[in-house]
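S.K.: What follows is a structure written as structure tokens; I'll ask about it next.
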Amino acid sequence: MRRDNTITIYGSSRENGNTEELAKAVLKDINTEEVYLRRHTINHITDMRHDELGFTNQQDDYYDIAKKMAVHDTILFVTPLYWYGMSGLMKNFVDRWSESLRDSTINFKEQMKNKRVYVLVVGGTGASVKALPLIMQFQYIVDFIGSSFSGYIIGEANAPGDIARDVKAQQQAIVLNQELKQL
């Protein structure tokens, strides 16, 4: 039985917003497991990296999503640009990776090794420059866990539906779509 090669992690709090619309263009005719963080409970992290007993299981949806990421070769992170960074939903999810890195039962860093990671970001005016620090942040995160930062698209949209008018982002979506189909 073949598993889908790609998982898409959506970090927007708005359903069917510009960021998700851009992702749909990238994922046209591609089977992907979709995870909408807004539909899950992921508690904030209490940093216990240096505590003798480590982290306490939060009894939320975090580990289910982390396990889903582990079985895919390609991960697409999709987030709007919020205050020049990733959305709070996405940041909360990534912060919890610290917990996974300390949990020897899941061997998170080994499971994440050699995965291809792509990032889609949509922001307002000037996003192509304003989102670059976020892209760098994702690159550092991905490098740390041993995955391959394989590419990104930054789109610009100020109002619902505006992403359809971002010709550059739409062209990049077509190229990435073709790349993902060949994996």
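So you can find residues: chains in the structure tokens are A, B, ... in the order shown, residues in each start at 1, and ligands are numbered from 1 in order.
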Using only C-alpha atoms, which protein or nucleic acid residues come within 8 Å of range 39-46 of chain A? Drop anything in the same chain fewer than 5 positions from it, and give the result as a list in words.

M.R.: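 The neighbour list is Phe55, Gln58, Asp60, Asp61, Tyr62, Asn92, Phe93, Asp95, Arg96 and Glu99 of chain A.
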
S.K.: Those residues with all heavy atoms, as an mmCIF file, in the first residue's frame please?

M.R.:
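The result, stored in selection-v2.cif:
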data_model
loop_
_atom_site.group_PDB
_atom_site.id
_atom_site.type_symbol
_atom_site.label_atom_id
_atom_site.label_comp_id
_atom_site.auth_asym_id
_atom_site.auth_seq_id
_atom_site.Cartn_x
_atom_site.Cartn_y
_atom_site.Cartn_z
ATOM 1 N N PHE A 55 9.844 16.496 29.593
ATOM 2 C CA PHE A 55 8.531 17.089 29.353
ATOM 3 C C PHE A 55 7.408 16.183 29.853
ATOM 4 O O PHE A 55 7.545 14.971 29.897
ATOM 5 C CB PHE A 55 8.341 17.333 27.855
ATOM 6 C CG PHE A 55 9.224 18.410 27.305
ATOM 7 C CD1 PHE A 55 10.481 18.112 26.808
ATOM 8 C CD2 PHE A 55 8.803 19.720 27.297
ATOM 9 C CE1 PHE A 55 11.301 19.102 26.296
ATOM 10 C CE2 PHE A 55 9.612 20.719 26.790
ATOM 11 C CZ PHE A 55 10.867 20.404 26.290
ATOM 12 N N GLN A 58 1.293 16.364 27.103
ATOM 13 C CA GLN A 58 0.220 17.351 27.167
ATOM 14 C C GLN A 58 -1.167 16.779 26.875
ATOM 15 O O GLN A 58 -2.158 17.479 27.008
ATOM 16 C CB GLN A 58 0.510 18.481 26.169
ATOM 17 C CG GLN A 58 1.746 19.272 26.486
ATOM 18 C CD GLN A 58 1.537 20.143 27.697
ATOM 19 O OE1 GLN A 58 0.504 20.793 27.838
ATOM 20 N NE2 GLN A 58 2.504 20.154 28.583
ATOM 21 N N ASP A 60 -2.624 16.202 24.054
ATOM 22 C CA ASP A 60 -3.287 16.973 23.007
ATOM 23 C C ASP A 60 -3.011 16.303 21.662
ATOM 24 O O ASP A 60 -2.622 15.137 21.611
ATOM 25 C CB ASP A 60 -2.836 18.442 23.044
ATOM 26 C CG ASP A 60 -1.334 18.603 22.831
ATOM 27 O OD1 ASP A 60 -0.633 17.611 22.515
ATOM 28 O OD2 ASP A 60 -0.844 19.743 22.964
ATOM 29 N N ASP A 61 -3.190 17.015 20.574
ATOM 30 C CA ASP A 61 -3.058 16.433 19.240
ATOM 31 C C ASP A 61 -1.645 16.504 18.663
ATOM 32 O O ASP A 61 -1.404 16.028 17.551
ATOM 33 C CB ASP A 61 -4.014 17.153 18.265
ATOM 34 C CG ASP A 61 -5.467 16.998 18.660
ATOM 35 O OD1 ASP A 61 -5.825 15.952 19.248
ATOM 36 O OD2 ASP A 61 -6.254 17.927 18.378
ATOM 37 N N TYR A 62 -0.728 17.104 19.393
ATOM 38 C CA TYR A 62 0.606 17.340 18.849
ATOM 39 C C TYR A 62 1.291 16.063 18.351
ATOM 40 O O TYR A 62 1.769 16.003 17.216
ATOM 41 C CB TYR A 62 1.510 18.050 19.866
ATOM 42 C CG TYR A 62 2.940 18.044 19.405
ATOM 43 C CD1 TYR A 62 3.341 18.873 18.367
ATOM 44 C CD2 TYR A 62 3.862 17.164 19.942
ATOM 45 C CE1 TYR A 62 4.639 18.832 17.886
ATOM 46 C CE2 TYR A 62 5.157 17.120 19.467
ATOM 47 C CZ TYR A 62 5.541 17.956 18.444
ATOM 48 O OH TYR A 62 6.824 17.899 17.968
ATOM 49 N N ASN A 92 3.562 27.722 17.576
ATOM 50 C CA ASN A 92 3.272 26.843 18.703
ATOM 51 C C ASN A 92 3.600 25.393 18.349
ATOM 52 O O ASN A 92 4.190 24.659 19.148
ATOM 53 C CB ASN A 92 1.803 26.989 19.099
ATOM 54 C CG ASN A 92 1.491 26.382 20.430
ATOM 55 O OD1 ASN A 92 2.224 26.563 21.391
ATOM 56 N ND2 ASN A 92 0.395 25.653 20.491
ATOM 57 N N PHE A 93 3.237 24.979 17.146
ATOM 58 C CA PHE A 93 3.515 23.624 16.688
ATOM 59 C C PHE A 93 5.021 23.374 16.614
ATOM 60 O O PHE A 93 5.520 22.368 17.128
ATOM 61 C CB PHE A 93 2.856 23.390 15.324
ATOM 62 C CG PHE A 93 3.154 22.054 14.722
ATOM 63 C CD1 PHE A 93 2.666 20.892 15.302
ATOM 64 C CD2 PHE A 93 3.929 21.947 13.579
ATOM 65 C CE1 PHE A 93 2.942 19.644 14.749
ATOM 66 C CE2 PHE A 93 4.205 20.718 13.020
ATOM 67 C CZ PHE A 93 3.712 19.564 13.604
ATOM 68 N N ASP A 95 7.409 25.027 18.134
ATOM 69 C CA ASP A 95 7.986 25.079 19.488
ATOM 70 C C ASP A 95 7.916 23.726 20.181
ATOM 71 O O ASP A 95 8.825 23.353 20.923
ATOM 72 C CB ASP A 95 7.272 26.123 20.351
ATOM 73 C CG ASP A 95 7.725 27.535 20.083
ATOM 74 O OD1 ASP A 95 8.709 27.732 19.339
ATOM 75 O OD2 ASP A 95 7.073 28.460 20.603
ATOM 76 N N ARG A 96 6.871 22.993 19.923
ATOM 77 C CA ARG A 96 6.716 21.689 20.564
ATOM 78 C C ARG A 96 7.750 20.671 20.079
ATOM 79 O O ARG A 96 7.943 19.629 20.699
ATOM 80 C CB ARG A 96 5.297 21.151 20.345
ATOM 81 C CG ARG A 96 4.221 21.894 21.135
ATOM 82 C CD ARG A 96 4.231 21.586 22.624
ATOM 83 N NE ARG A 96 3.919 20.211 22.908
ATOM 84 C CZ ARG A 96 2.693 19.681 22.960
ATOM 85 N NH1 ARG A 96 1.630 20.438 22.748
ATOM 86 N NH2 ARG A 96 2.528 18.407 23.226
ATOM 87 N N GLU A 99 10.122 19.401 22.612
ATOM 88 C CA GLU A 99 9.634 18.268 23.399
ATOM 89 C C GLU A 99 9.956 16.953 22.687
ATOM 90 O O GLU A 99 10.443 15.997 23.297
ATOM 91 C CB GLU A 99 8.130 18.425 23.595
ATOM 92 C CG GLU A 99 7.471 17.366 24.412
ATOM 93 C CD GLU A 99 5.979 17.648 24.569
ATOM 94 O OE1 GLU A 99 5.545 18.810 24.485
ATOM 95 O OE2 GLU A 99 5.244 16.674 24.790
#

S.K.: Residues at most 10 Å from Val121 in chain A, counting only C-alpha atoms, excluding those fewer than 3 positions away in the same chain, as a PyMOL selection string?

M.R.: chain A and resi 11+18-20+22-23+77-82+85-87+127-128+131-132+134-135+152-156+169

S.K.: Write out as a tab-separated table the residues of range 56-143 of chain A that have any atom within 12 Å of an atom of range 179-183 of chain A, one row each with the nearest atom pair and its distance in Å to one decimal, counting only C-alpha atoms, sorted by chain and then rising number.

M.R.:
residue	atom	partner	partner_atom	distance
A:His72	CA	A:Leu183	CA	11.9
A:Asp73	CA	A:Leu183	CA	9.3
A:Thr74	CA	A:Leu180	CA	8.6
A:Ile75	CA	A:Leu180	CA	10.6
A:Leu76	CA	A:Leu180	CA	10.3
A:Lys115	CA	A:Leu183	CA	11.8
A:Arg116	CA	A:Leu183	CA	10.0
A:Val117	CA	A:Leu180	CA	11.1
A:Tyr118	CA	A:Leu180	CA	10.1

S.K.: For a test of reading the model, state the distance in Å between CA of Leu101 in chain A and CA of Phe144 in chain A, rounded to one decimal.

M.R.: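 Between CA of Leu101 in chain A and CA of Phe144 in chain A the gap is 10.9 Å.
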
S.K.: Give the answer as one residue: which of A:Val71, A:Val119, A:Ile141, A:Ile7 has the shortest atom-to-atom distance to Trp97 in chain A, using only C-alpha atoms?

M.R.: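 Counting only C-alpha atoms, the residue closest to Trp97 in chain A is A:Ile141.
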
S.K.: Write out as a tab-separated table a residue-level contact list of range 44-144 of chain A versus range 158-162 of chain A with cut-off 9 Å: for each qualifying residue the closest pair of atoms and the distance in Å to one decimal, counting only C-alpha atoms, rows sorted by chain and residue number upward.

M.R.:
residue	atom	partner	partner_atom	distance
A:Gly123	CA	A:Asn158	CA	7.2
A:Gly124	CA	A:Asn158	CA	4.8
A:Thr125	CA	A:Asn158	CA	6.8

S.K.: What does the distance between CA of Ala157 in chain A and CA of Lys130 in chain A come to in Å, to one decimal place?

M.R.: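 Result for CA of Ala157 in chain A versus CA of Lys130 in chain A: 12.9 Å, one decimal.
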
S.K.: Extract the full set of helix (DSSP H, G or I) residues from chain A according to DSSP on the backbone, and format it as a ChimeraX atom specification.

M.R.: /A:18-26,37-39,62-70,88-95,97-102,108-112,127-130,132-145,162-165,167-182

S.K.: Using DSSP on the backbone coordinates, identify the residues of range 7-169 of chain A assigned to strand (DSSP E); present them as a PDB file with N, CA, C and O atoms, in the first residue's frame.

M.R.:
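In the end it all went to selection_27.pdb:
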ATOM      1  N   ILE A   7       2.988  15.690   2.964  1.00  0.00           N
ATOM      2  CA  ILE A   7       2.062  16.166   3.989  1.00  0.00           C
ATOM      3  C   ILE A   7       2.116  17.686   3.968  1.00  0.00           C
ATOM      4  O   ILE A   7       3.179  18.280   3.791  1.00  0.00           O
ATOM      5  N   THR A   8       0.962  18.303   4.098  1.00  0.00           N
ATOM      6  CA  THR A   8       0.871  19.757   4.110  1.00  0.00           C
ATOM      7  C   THR A   8       0.343  20.192   5.477  1.00  0.00           C
ATOM      8  O   THR A   8      -0.723  19.746   5.902  1.00  0.00           O
ATOM      9  N   ILE A   9       1.112  21.042   6.131  1.00  0.00           N
ATOM     10  CA  ILE A   9       0.750  21.565   7.454  1.00  0.00           C
ATOM     11  C   ILE A   9       0.326  23.020   7.268  1.00  0.00           C
ATOM     12  O   ILE A   9       1.136  23.875   6.915  1.00  0.00           O
ATOM     13  N   TYR A  10      -0.957  23.284   7.496  1.00  0.00           N
ATOM     14  CA  TYR A  10      -1.518  24.623   7.324  1.00  0.00           C
ATOM     15  C   TYR A  10      -1.540  25.347   8.669  1.00  0.00           C
ATOM     16  O   TYR A  10      -2.102  24.838   9.635  1.00  0.00           O
ATOM     17  N   THR A  32      -1.937  14.565  -1.095  1.00  0.00           N
ATOM     18  CA  THR A  32      -1.223  15.035   0.084  1.00  0.00           C
ATOM     19  C   THR A  32      -2.102  14.806   1.306  1.00  0.00           C
ATOM     20  O   THR A  32      -3.327  14.879   1.221  1.00  0.00           O
ATOM     21  N   GLU A  33      -1.471  14.513   2.404  1.00  0.00           N
ATOM     22  CA  GLU A  33      -2.208  14.485   3.665  1.00  0.00           C
ATOM     23  C   GLU A  33      -2.232  15.915   4.178  1.00  0.00           C
ATOM     24  O   GLU A  33      -1.191  16.557   4.289  1.00  0.00           O
ATOM     25  N   GLU A  34      -3.420  16.422   4.447  1.00  0.00           N
ATOM     26  CA  GLU A  34      -3.550  17.808   4.874  1.00  0.00           C
ATOM     27  C   GLU A  34      -3.850  17.877   6.368  1.00  0.00           C
ATOM     28  O   GLU A  34      -4.751  17.197   6.857  1.00  0.00           O
ATOM     29  N   VAL A  35      -3.090  18.731   7.054  1.00  0.00           N
ATOM     30  CA  VAL A  35      -3.291  18.959   8.481  1.00  0.00           C
ATOM     31  C   VAL A  35      -3.502  20.452   8.675  1.00  0.00           C
ATOM     32  O   VAL A  35      -2.635  21.267   8.359  1.00  0.00           O
ATOM     33  N   TYR A  36      -4.684  20.805   9.168  1.00  0.00           N
ATOM     34  CA  TYR A  36      -5.020  22.193   9.458  1.00  0.00           C
ATOM     35  C   TYR A  36      -4.853  22.389  10.961  1.00  0.00           C
ATOM     36  O   TYR A  36      -5.670  21.892  11.748  1.00  0.00           O
ATOM     37  N   THR A  74       8.068  14.370   2.057  1.00  0.00           N
ATOM     38  CA  THR A  74       8.021  15.793   1.734  1.00  0.00           C
ATOM     39  C   THR A  74       7.016  16.481   2.644  1.00  0.00           C
ATOM     40  O   THR A  74       5.899  15.999   2.823  1.00  0.00           O
ATOM     41  N   ILE A  75       7.442  17.617   3.205  1.00  0.00           N
ATOM     42  CA  ILE A  75       6.585  18.400   4.100  1.00  0.00           C
ATOM     43  C   ILE A  75       6.458  19.805   3.527  1.00  0.00           C
ATOM     44  O   ILE A  75       7.462  20.445   3.211  1.00  0.00           O
ATOM     45  N   LEU A  76       5.230  20.250   3.412  1.00  0.00           N
ATOM     46  CA  LEU A  76       4.952  21.599   2.941  1.00  0.00           C
ATOM     47  C   LEU A  76       4.338  22.374   4.109  1.00  0.00           C
ATOM     48  O   LEU A  76       3.252  22.021   4.588  1.00  0.00           O
ATOM     49  N   PHE A  77       5.055  23.387   4.590  1.00  0.00           N
ATOM     50  CA  PHE A  77       4.539  24.250   5.649  1.00  0.00           C
ATOM     51  C   PHE A  77       3.920  25.476   4.998  1.00  0.00           C
ATOM     52  O   PHE A  77       4.556  26.155   4.188  1.00  0.00           O
ATOM     53  N   VAL A  78       2.673  25.765   5.364  1.00  0.00           N
ATOM     54  CA  VAL A  78       1.908  26.840   4.746  1.00  0.00           C
ATOM     55  C   VAL A  78       1.466  27.789   5.856  1.00  0.00           C
ATOM     56  O   VAL A  78       0.717  27.396   6.753  1.00  0.00           O
ATOM     57  N   THR A  79       1.934  29.037   5.794  1.00  0.00           N
ATOM     58  CA  THR A  79       1.585  29.986   6.847  1.00  0.00           C
ATOM     59  C   THR A  79       1.443  31.397   6.291  1.00  0.00           C
ATOM     60  O   THR A  79       2.216  31.804   5.428  1.00  0.00           O
ATOM     61  N   PRO A  80       0.466  32.128   6.785  1.00  0.00           N
ATOM     62  CA  PRO A  80       0.437  33.548   6.455  1.00  0.00           C
ATOM     63  C   PRO A  80       1.582  34.252   7.202  1.00  0.00           C
ATOM     64  O   PRO A  80       2.103  33.728   8.192  1.00  0.00           O
ATOM     65  N   ARG A 116      12.309  16.396   2.584  1.00  0.00           N
ATOM     66  CA  ARG A 116      12.302  17.628   1.800  1.00  0.00           C
ATOM     67  C   ARG A 116      11.253  18.554   2.413  1.00  0.00           C
ATOM     68  O   ARG A 116      10.119  18.142   2.626  1.00  0.00           O
ATOM     69  N   VAL A 117      11.644  19.791   2.652  1.00  0.00           N
ATOM     70  CA  VAL A 117      10.732  20.756   3.260  1.00  0.00           C
ATOM     71  C   VAL A 117      10.599  21.967   2.345  1.00  0.00           C
ATOM     72  O   VAL A 117      11.598  22.514   1.867  1.00  0.00           O
ATOM     73  N   TYR A 118       9.355  22.348   2.124  1.00  0.00           N
ATOM     74  CA  TYR A 118       9.028  23.548   1.358  1.00  0.00           C
ATOM     75  C   TYR A 118       8.178  24.448   2.251  1.00  0.00           C
ATOM     76  O   TYR A 118       7.444  23.963   3.118  1.00  0.00           O
ATOM     77  N   VAL A 119       8.261  25.754   2.006  1.00  0.00           N
ATOM     78  CA  VAL A 119       7.502  26.720   2.793  1.00  0.00           C
ATOM     79  C   VAL A 119       6.745  27.644   1.842  1.00  0.00           C
ATOM     80  O   VAL A 119       7.317  28.158   0.880  1.00  0.00           O
ATOM     81  N   LEU A 120       5.469  27.831   2.123  1.00  0.00           N
ATOM     82  CA  LEU A 120       4.641  28.800   1.407  1.00  0.00           C
ATOM     83  C   LEU A 120       4.204  29.863   2.404  1.00  0.00           C
ATOM     84  O   LEU A 120       3.670  29.534   3.465  1.00  0.00           O
ATOM     85  N   VAL A 121       4.435  31.118   2.046  1.00  0.00           N
ATOM     86  CA  VAL A 121       4.072  32.241   2.913  1.00  0.00           C
ATOM     87  C   VAL A 121       3.318  33.254   2.072  1.00  0.00           C
ATOM     88  O   VAL A 121       3.716  33.547   0.939  1.00  0.00           O
ATOM     89  N   VAL A 122       2.257  33.803   2.611  1.00  0.00           N
ATOM     90  CA  VAL A 122       1.550  34.896   1.948  1.00  0.00           C
ATOM     91  C   VAL A 122       1.404  36.030   2.953  1.00  0.00           C
ATOM     92  O   VAL A 122       0.982  35.818   4.094  1.00  0.00           O
ATOM     93  N   GLY A 123       1.790  37.222   2.506  1.00  0.00           N
ATOM     94  CA  GLY A 123       1.680  38.408   3.343  1.00  0.00           C
ATOM     95  C   GLY A 123       1.175  39.578   2.525  1.00  0.00           C
ATOM     96  O   GLY A 123       0.914  39.451   1.326  1.00  0.00           O
ATOM     97  N   SER A 148      16.013  18.691   4.492  1.00  0.00           N
ATOM     98  CA  SER A 148      16.529  19.487   3.380  1.00  0.00           C
ATOM     99  C   SER A 148      15.553  20.615   3.081  1.00  0.00           C
ATOM    100  O   SER A 148      14.399  20.356   2.732  1.00  0.00           O
ATOM    101  N   PHE A 149      16.010  21.857   3.218  1.00  0.00           N
ATOM    102  CA  PHE A 149      15.171  23.001   2.866  1.00  0.00           C
ATOM    103  C   PHE A 149      15.190  23.099   1.352  1.00  0.00           C
ATOM    104  O   PHE A 149      16.174  23.495   0.747  1.00  0.00           O
ATOM    105  N   SER A 150      14.082  22.718   0.717  1.00  0.00           N
ATOM    106  CA  SER A 150      14.062  22.519  -0.727  1.00  0.00           C
ATOM    107  C   SER A 150      13.486  23.674  -1.523  1.00  0.00           C
ATOM    108  O   SER A 150      13.617  23.697  -2.746  1.00  0.00           O
ATOM    109  N   GLY A 151      12.839  24.617  -0.874  1.00  0.00           N
ATOM    110  CA  GLY A 151      12.330  25.770  -1.589  1.00  0.00           C
ATOM    111  C   GLY A 151      11.207  26.474  -0.876  1.00  0.00           C
ATOM    112  O   GLY A 151      10.717  26.000   0.156  1.00  0.00           O
ATOM    113  N   TYR A 152      10.843  27.622  -1.425  1.00  0.00           N
ATOM    114  CA  TYR A 152       9.775  28.419  -0.823  1.00  0.00           C
ATOM    115  C   TYR A 152       9.123  29.287  -1.884  1.00  0.00           C
ATOM    116  O   TYR A 152       9.694  29.552  -2.939  1.00  0.00           O
ATOM    117  N   ILE A 153       7.933  29.724  -1.556  1.00  0.00           N
ATOM    118  CA  ILE A 153       7.226  30.722  -2.346  1.00  0.00           C
ATOM    119  C   ILE A 153       6.699  31.762  -1.368  1.00  0.00           C
ATOM    120  O   ILE A 153       6.118  31.417  -0.334  1.00  0.00           O
ATOM    121  N   ILE A 154       6.899  33.023  -1.722  1.00  0.00           N
ATOM    122  CA  ILE A 154       6.317  34.124  -0.956  1.00  0.00           C
ATOM    123  C   ILE A 154       5.310  34.821  -1.868  1.00  0.00           C
ATOM    124  O   ILE A 154       5.672  35.291  -2.945  1.00  0.00           O
ATOM    125  N   GLY A 155       4.073  34.852  -1.430  1.00  0.00           N
ATOM    126  CA  GLY A 155       3.034  35.526  -2.190  1.00  0.00           C
ATOM    127  C   GLY A 155       2.617  36.819  -1.526  1.00  0.00           C
ATOM    128  O   GLY A 155       2.850  37.019  -0.332  1.00  0.00           O
ATOM    129  N   GLU A 156       2.006  37.692  -2.314  1.00  0.00           N
ATOM    130  CA  GLU A 156       1.530  38.972  -1.786  1.00  0.00           C
ATOM    131  C   GLU A 156       0.032  39.091  -2.016  1.00  0.00           C
ATOM    132  O   GLU A 156      -0.445  38.932  -3.140  1.00  0.00           O
TER     133      GLU A 156
END

S.K.: What does the distance between CA of Val94 in chain A and CA of Tyr140 in chain A come to in Å, to one decimal place?

M.R.: 12.2 Å
